[in-house]
$ cat input-v2.cif   # mmCIF, C-alpha atoms
data_structure
loop_
_atom_site.group_PDB
_atom_site.id
_atom_site.type_symbol
_atom_site.label_atom_id
_atom_site.label_comp_id
_atom_site.auth_asym_id
_atom_site.auth_seq_id
_atom_site.Cartn_x
_atom_site.Cartn_y
_atom_site.Cartn_z
ATOM 1 C CA MET A 165 -37.355 4.141 18.657
ATOM 2 C CA ALA A 166 -38.179 0.764 17.100
ATOM 3 C CA SER A 167 -37.221 1.984 13.642
ATOM 4 C CA VAL A 168 -33.811 3.099 14.945
ATOM 5 C CA ASN A 169 -33.208 -0.401 16.353
ATOM 6 C CA ILE A 170 -34.168 -2.004 13.040
ATOM 7 C CA VAL A 171 -31.806 0.302 11.138
ATOM 8 C CA LEU A 172 -28.983 -0.487 13.576
ATOM 9 C CA LEU A 173 -29.669 -4.217 13.326
ATOM 10 C CA HIS A 174 -29.610 -4.173 9.526
ATOM 11 C CA GLY A 175 -26.592 -1.890 9.517
ATOM 12 C CA ARG A 176 -24.697 -4.329 11.751
ATOM 13 C CA ARG A 177 -25.623 -7.250 9.512
ATOM 14 C CA VAL A 178 -24.542 -5.410 6.383
ATOM 15 C CA LEU A 179 -21.241 -4.408 7.999
ATOM 16 C CA MET A 180 -20.506 -7.919 9.318
ATOM 17 C CA GLY A 181 -21.454 -9.436 5.961
ATOM 18 C CA ALA A 182 -19.175 -7.002 4.136
ATOM 19 C CA ILE A 183 -16.244 -7.752 6.460
ATOM 20 C CA ALA A 184 -16.792 -11.523 6.115
ATOM 21 C CA LEU A 185 -16.952 -11.165 2.334
ATOM 22 C CA LEU A 186 -13.771 -9.060 2.355
ATOM 23 C CA LEU A 187 -11.981 -11.764 4.378
ATOM 24 C CA LEU A 188 -13.071 -14.472 1.942
ATOM 25 C CA VAL A 189 -12.077 -12.444 -1.116
ATOM 26 C CA ALA A 190 -8.675 -11.641 0.410
ATOM 27 C CA GLY A 191 -8.114 -15.298 1.345
ATOM 28 C CA SER A 192 -9.078 -16.436 -2.150
ATOM 29 C CA TRP A 193 -6.834 -13.832 -3.765
ATOM 30 C CA ALA A 194 -3.852 -14.807 -1.603
ATOM 31 C CA SER A 195 -4.447 -18.501 -2.284
ATOM 32 C CA TRP A 196 -4.861 -18.068 -6.022
ATOM 33 C CA ASP A 197 -1.419 -16.466 -6.320
ATOM 34 C CA SER A 198 0.167 -19.870 -5.646
ATOM 35 C CA ALA A 199 -2.689 -22.225 -6.490
ATOM 36 C CA ARG A 200 -2.899 -21.155 -10.129
ATOM 37 C CA HIS A 201 0.657 -22.344 -10.728
ATOM 38 C CA VAL A 202 0.028 -25.662 -8.985
ATOM 39 C CA LEU A 203 -3.410 -26.437 -10.418
ATOM 40 C CA LEU A 204 -3.173 -25.091 -13.956
ATOM 41 C CA GLY A 205 -0.866 -27.051 -16.218
ATOM 42 C CA GLY A 206 -0.098 -24.817 -19.142
ATOM 43 C CA ASP A 207 3.489 -24.245 -20.162
ATOM 44 C CA ARG A 208 4.881 -23.833 -16.663
ATOM 45 C CA GLU A 209 8.273 -25.377 -16.048
ATOM 46 C CA ARG A 210 8.046 -28.377 -13.727
ATOM 47 C CA GLY A 211 10.751 -30.409 -12.082
ATOM 48 C CA THR A 212 12.152 -31.580 -8.766
ATOM 49 C CA ILE A 213 14.313 -30.007 -6.095
ATOM 50 C CA THR A 214 16.476 -31.865 -3.621
ATOM 51 C CA VAL A 215 16.523 -29.848 -0.404
ATOM 52 C CA ALA A 216 20.175 -29.168 0.452
ATOM 53 C CA ALA A 217 20.082 -26.217 2.861
ATOM 54 C CA CYS A 218 17.489 -24.068 4.587
ATOM 55 C CA GLY A 219 17.616 -20.512 5.867
ATOM 56 C CA ASP A 220 15.065 -18.754 8.035
ATOM 57 C CA GLU A 221 12.376 -18.557 5.342
ATOM 58 C CA THR A 222 13.518 -20.519 2.275
ATOM 59 C CA CYS A 223 15.304 -23.689 1.275
ATOM 60 C CA THR A 224 17.595 -24.269 -1.679
ATOM 61 C CA GLY A 225 19.073 -27.206 -3.506
ATOM 62 C CA PRO A 226 19.740 -28.651 -6.935
ATOM 63 C CA TYR A 227 16.823 -28.286 -9.343
ATOM 64 C CA VAL A 228 16.217 -30.800 -12.137
ATOM 65 C CA PRO A 229 13.573 -29.848 -14.738
ATOM 66 C CA ASP A 230 11.255 -32.539 -16.139
ATOM 67 C CA ASP A 231 11.718 -31.329 -19.722
ATOM 68 C CA PRO A 232 14.822 -29.824 -21.303
ATOM 69 C CA ALA A 233 15.171 -26.289 -19.971
ATOM 70 C CA PRO A 234 17.904 -23.710 -19.442
ATOM 71 C CA ALA A 235 20.214 -24.251 -16.471
ATOM 72 C CA ARG A 236 18.841 -22.535 -13.383
ATOM 73 C CA THR A 237 20.629 -21.613 -10.182
ATOM 74 C CA GLY A 238 19.557 -19.806 -7.039
ATOM 75 C CA LEU A 239 16.035 -21.235 -7.013
ATOM 76 C CA THR A 240 14.295 -21.310 -3.634
ATOM 77 C CA ILE A 241 11.245 -22.930 -2.089
ATOM 78 C CA GLU A 242 9.336 -21.667 0.947
ATOM 79 C CA LYS A 243 10.631 -23.386 4.066
ATOM 80 C CA SER A 244 7.177 -24.283 5.396
ATOM 81 C CA VAL A 245 6.500 -26.568 2.428
ATOM 82 C CA ALA A 246 9.922 -28.159 2.365
ATOM 83 C CA VAL A 247 10.714 -31.277 4.302
ATOM 84 C CA GLU A 248 14.021 -32.144 5.943
ATOM 85 C CA LYS A 249 17.374 -31.958 4.201
ATOM 86 C CA GLY A 250 17.688 -34.438 1.355
ATOM 87 C CA ALA A 251 13.973 -34.572 0.518
ATOM 88 C CA VAL A 252 13.113 -34.627 -3.177
ATOM 89 C CA LEU A 253 10.040 -32.499 -3.933
ATOM 90 C CA ALA A 254 8.003 -32.099 -7.120
ATOM 91 C CA VAL A 255 7.834 -28.382 -7.894
ATOM 92 C CA VAL A 256 6.771 -25.837 -10.473
ATOM 93 C CA LEU A 257 8.741 -22.685 -11.275
ATOM 94 C CA LYS A 258 6.722 -19.514 -10.739
ATOM 95 C CA PRO A 259 7.056 -17.644 -14.068
ATOM 96 C CA GLY A 260 9.361 -14.648 -14.018
ATOM 97 C CA THR A 261 10.851 -15.487 -10.617
ATOM 98 C CA LYS A 262 13.339 -17.835 -8.981
ATOM 99 C CA GLU A 263 10.633 -19.164 -6.662
ATOM 100 C CA LEU A 264 9.575 -22.793 -6.706
ATOM 101 C CA ILE A 265 6.141 -23.941 -5.551
ATOM 102 C CA ARG A 266 5.486 -27.474 -4.368
ATOM 103 C CA THR A 267 3.046 -29.457 -6.521
ATOM 104 C CA GLY A 268 0.924 -32.522 -5.914
ATOM 105 C CA PRO A 269 -1.704 -32.881 -3.197
ATOM 106 C CA ALA A 270 0.503 -31.307 -0.509
ATOM 107 C CA GLY A 271 1.301 -28.304 -2.692
ATOM 108 C CA ALA A 272 -2.317 -27.789 -3.717
ATOM 109 C CA LEU A 273 -3.505 -27.926 -0.118
ATOM 110 C CA HIS A 274 -0.745 -25.567 1.015
ATOM 111 C CA ALA A 275 -1.681 -23.109 -1.723
ATOM 112 C CA TRP A 276 -5.261 -22.953 -0.400
ATOM 113 C CA LEU A 277 -4.198 -22.437 3.225
ATOM 114 C CA PRO A 278 -4.883 -18.648 3.190
ATOM 115 C CA LEU A 279 -8.461 -19.369 2.117
ATOM 116 C CA ALA A 280 -8.792 -21.887 4.964
ATOM 117 C CA GLY A 281 -7.710 -19.219 7.444
ATOM 118 C CA ALA A 282 -10.157 -16.743 5.933
ATOM 119 C CA LEU A 283 -12.966 -19.297 6.261
ATOM 120 C CA LEU A 284 -12.138 -19.792 9.935
ATOM 121 C CA LEU A 285 -12.029 -16.041 10.617
ATOM 122 C CA ALA A 286 -15.164 -15.274 8.626
ATOM 123 C CA SER A 287 -17.094 -18.054 10.361
ATOM 124 C CA VAL A 288 -16.874 -16.120 13.625
ATOM 125 C CA LEU A 289 -18.361 -13.041 11.965
ATOM 126 C CA VAL A 290 -21.077 -15.061 10.247
ATOM 127 C CA ALA A 291 -22.055 -16.790 13.506
ATOM 128 C CA GLY A 292 -21.985 -13.720 15.745
ATOM 129 C CA GLY A 293 -22.647 -10.803 13.437
ATOM 130 C CA LEU A 294 -25.073 -12.398 10.998
ATOM 131 C CA ALA A 295 -26.632 -14.939 13.395
ATOM 132 C CA LEU A 296 -26.214 -17.793 10.909
ATOM 133 C CA PRO A 297 -24.728 -20.578 13.056
ATOM 134 C CA LYS A 298 -25.223 -23.409 10.542
ATOM 135 C CA VAL A 299 -23.530 -21.510 7.727
ATOM 136 C CA ALA A 300 -20.749 -20.479 10.098
ATOM 137 C CA GLY A 301 -20.332 -24.074 11.247
ATOM 138 C CA GLY A 302 -19.972 -25.228 7.653
ATOM 139 C CA MET A 303 -17.382 -22.540 6.975
ATOM 140 C CA ALA A 304 -15.445 -23.463 10.103
ATOM 141 C CA VAL A 305 -15.519 -27.169 9.267
ATOM 142 C CA ALA A 306 -14.307 -26.472 5.700
ATOM 143 C CA GLY A 307 -11.498 -24.200 6.906
ATOM 144 C CA GLY A 308 -10.486 -26.626 9.628
ATOM 145 C CA ALA A 309 -10.554 -29.587 7.222
ATOM 146 C CA ILE A 310 -8.267 -27.812 4.738
ATOM 147 C CA THR A 311 -5.898 -26.812 7.541
ATOM 148 C CA LEU A 312 -5.790 -30.321 8.998
ATOM 149 C CA ALA A 313 -5.375 -31.945 5.582
ATOM 150 C CA THR A 314 -2.529 -29.552 4.741
ATOM 151 C CA PHE A 315 -0.749 -30.277 8.009
ATOM 152 C CA THR A 316 -1.149 -34.014 7.450
ATOM 153 C CA ALA A 317 -0.027 -33.890 3.801
ATOM 154 C CA LEU A 318 3.099 -31.867 4.608
ATOM 155 C CA LEU A 319 4.325 -34.329 7.243
#
$ encode --input "input-v2.cif" --output "structure tokens"
Amino acid sequence: MASVNIVLLHGRRVLMGAIALLLLVAGSWASWDSARHVLLGGDRERGTITVAACGDETCTGPYVPDDPAPARTGLTIEKSVAVEKGAVLAVVLKPGTKELIRTGPAGALHAWLPLAGALLLASVLVAGGLALPKVAGGMAVAGGAITLATFTALL
């Protein structure tokens, strides 16, 4: 009977650890999709957008590239990272799309927001399922700090 309990205990820990790891990998993957364009310089086209109008999910406005580039129309930026109408934002053009991503500290923090959420979710599994409260506390503090910093930077 004792050996069955030990197997179940280890099985639970392995399962909770695997789910926590899956959450962190998924959060990192989702964050990297935007963060790589913000953090890595390379030959990405950078410029500014003046927010003119916003729909339900995106905002549009005139785009002015930093370096000479072809004329571009129909470029959009996610509404959650755009400020009110008339705001001028530093952006980078996501290659092969008409999607702009905000740069600078606010853009970098916003890009890592999915990882922050994954840290918060995984901390619950690490605390309860793996019985590692100090590690879970560190994960929760890191996720909360990124979330709070992002909210503050986007104001």
$ resolve_selection --input "input-v2.cif" --expression "the PyMOL selection byres ((chain A and resi 252-264) around 8)" --output "PyMOL selection string"
chain A and resi 201-202+208-215+238-242+246+250-251+265-268
$ resolve_selection --input "input-v2.cif" --expression "the PyMOL selection byres ((chain A and resi 294-310) around 9)" --output "list of chain:residue names"
A:Arg176, A:Arg177, A:Val178, A:Met180, A:Gly181, A:Leu273, A:His274, A:Trp276, A:Leu277, A:Leu279, A:Ala280, A:Gly281, A:Ala282, A:Leu283, A:Leu284, A:Leu285, A:Ala286, A:Ser287, A:Val288, A:Leu289, A:Val290, A:Ala291, A:Gly292, A:Gly293, A:Thr311, A:Leu312, A:Ala313, A:Thr314, A:Phe315
$ axis_aligned_box --input "input-v2.cif" --around "stretch 236-250 of chain A" --padding-each-side "3 Å" --output "JSON"
{"center_x": 13.6, "center_y": -27.1, "center_z": -3.7, "size_x": 20.1, "size_y": 20.6, "size_z": 25.3}
$ closest_residue --input "input-v2.cif" --among "A:Leu172, A:Ile183, A:Ala275, A:Leu319" --to "A:Ala199" --atoms "all atoms listed in the file"
A:Ala275
$ atom_distance --input "input-v2.cif" --atom1 "atom CA of A:Ala272" --atom2 "atom CA of A:Ser195"
9.6 Å
$ closest_residue --input "input-v2.cif" --among "A:Leu187, A:Ile170, A:Val247, A:Leu179" --to "A:Thr224" --atoms "all atoms listed in the file"
A:Val247
$ build_atoms --input "input-v2.cif" --residues "stretch 231-254 of chain A" --atoms "N, CA and C atoms" --output "tab-separated table (two decimals), keeping the file's coordinate frame"
chain	number	residue	atom	x	y	z
A	231	ASP	N	11.44	-31.44	-18.29
A	231	ASP	CA	11.72	-31.33	-19.72
A	231	ASP	C	13.00	-30.53	-19.91
A	232	PRO	N	13.62	-30.64	-21.07
A	232	PRO	CA	14.82	-29.82	-21.30
A	232	PRO	C	14.52	-28.34	-21.09
A	233	ALA	N	15.36	-27.71	-20.30
A	233	ALA	CA	15.17	-26.29	-19.97
A	233	ALA	C	16.54	-25.69	-19.71
A	234	PRO	N	16.63	-24.35	-19.73
A	234	PRO	CA	17.90	-23.71	-19.44
A	234	PRO	C	18.37	-24.02	-18.01
A	235	ALA	N	19.67	-24.01	-17.82
A	235	ALA	CA	20.21	-24.25	-16.47
A	235	ALA	C	19.74	-23.14	-15.54
A	236	ARG	N	19.34	-23.51	-14.35
A	236	ARG	CA	18.84	-22.54	-13.38
A	236	ARG	C	19.58	-22.71	-12.07
A	237	THR	N	19.98	-21.59	-11.49
A	237	THR	CA	20.63	-21.61	-10.18
A	237	THR	C	19.95	-20.60	-9.28
A	238	GLY	N	20.11	-20.76	-7.99
A	238	GLY	CA	19.56	-19.81	-7.04
A	238	GLY	C	18.06	-19.92	-6.83
A	239	LEU	N	17.47	-21.05	-7.20
A	239	LEU	CA	16.04	-21.24	-7.01
A	239	LEU	C	15.76	-21.58	-5.56
A	240	THR	N	14.64	-21.08	-5.04
A	240	THR	CA	14.30	-21.31	-3.63
A	240	THR	C	12.86	-21.82	-3.53
A	241	ILE	N	12.59	-22.49	-2.41
A	241	ILE	CA	11.24	-22.93	-2.09
A	241	ILE	C	10.97	-22.49	-0.66
A	242	GLU	N	9.72	-22.12	-0.39
A	242	GLU	CA	9.34	-21.67	0.95
A	242	GLU	C	9.63	-22.77	1.96
A	243	LYS	N	10.21	-22.40	3.07
A	243	LYS	CA	10.63	-23.39	4.07
A	243	LYS	C	9.47	-24.18	4.63
A	244	SER	N	8.30	-23.59	4.78
A	244	SER	CA	7.18	-24.28	5.40
A	244	SER	C	6.67	-25.45	4.56
A	245	VAL	N	6.96	-25.46	3.26
A	245	VAL	CA	6.50	-26.57	2.43
A	245	VAL	C	7.62	-27.54	2.12
A	246	ALA	N	8.80	-27.26	2.58
A	246	ALA	CA	9.92	-28.16	2.37
A	246	ALA	C	10.05	-29.11	3.55
A	247	VAL	N	10.52	-30.29	3.25
A	247	VAL	CA	10.71	-31.28	4.30
A	247	VAL	C	12.17	-31.18	4.74
A	248	GLU	N	12.66	-32.18	5.45
A	248	GLU	CA	14.02	-32.14	5.94
A	248	GLU	C	15.03	-32.20	4.80
A	249	LYS	N	16.27	-31.97	5.15
A	249	LYS	CA	17.37	-31.96	4.20
A	249	LYS	C	17.44	-33.30	3.48
A	250	GLY	N	17.61	-33.24	2.17
A	250	GLY	CA	17.69	-34.44	1.36
A	250	GLY	C	16.38	-34.85	0.72
A	251	ALA	N	15.28	-34.22	1.10
A	251	ALA	CA	13.97	-34.57	0.52
A	251	ALA	C	13.91	-34.12	-0.94
A	252	VAL	N	13.30	-34.95	-1.76
A	252	VAL	CA	13.11	-34.63	-3.18
A	252	VAL	C	11.64	-34.26	-3.36
A	253	LEU	N	11.40	-33.02	-3.81
A	253	LEU	CA	10.04	-32.50	-3.93
A	253	LEU	C	9.71	-32.18	-5.38
A	254	ALA	N	8.50	-32.52	-5.81
A	254	ALA	CA	8.00	-32.10	-7.12
A	254	ALA	C	7.60	-30.63	-7.02
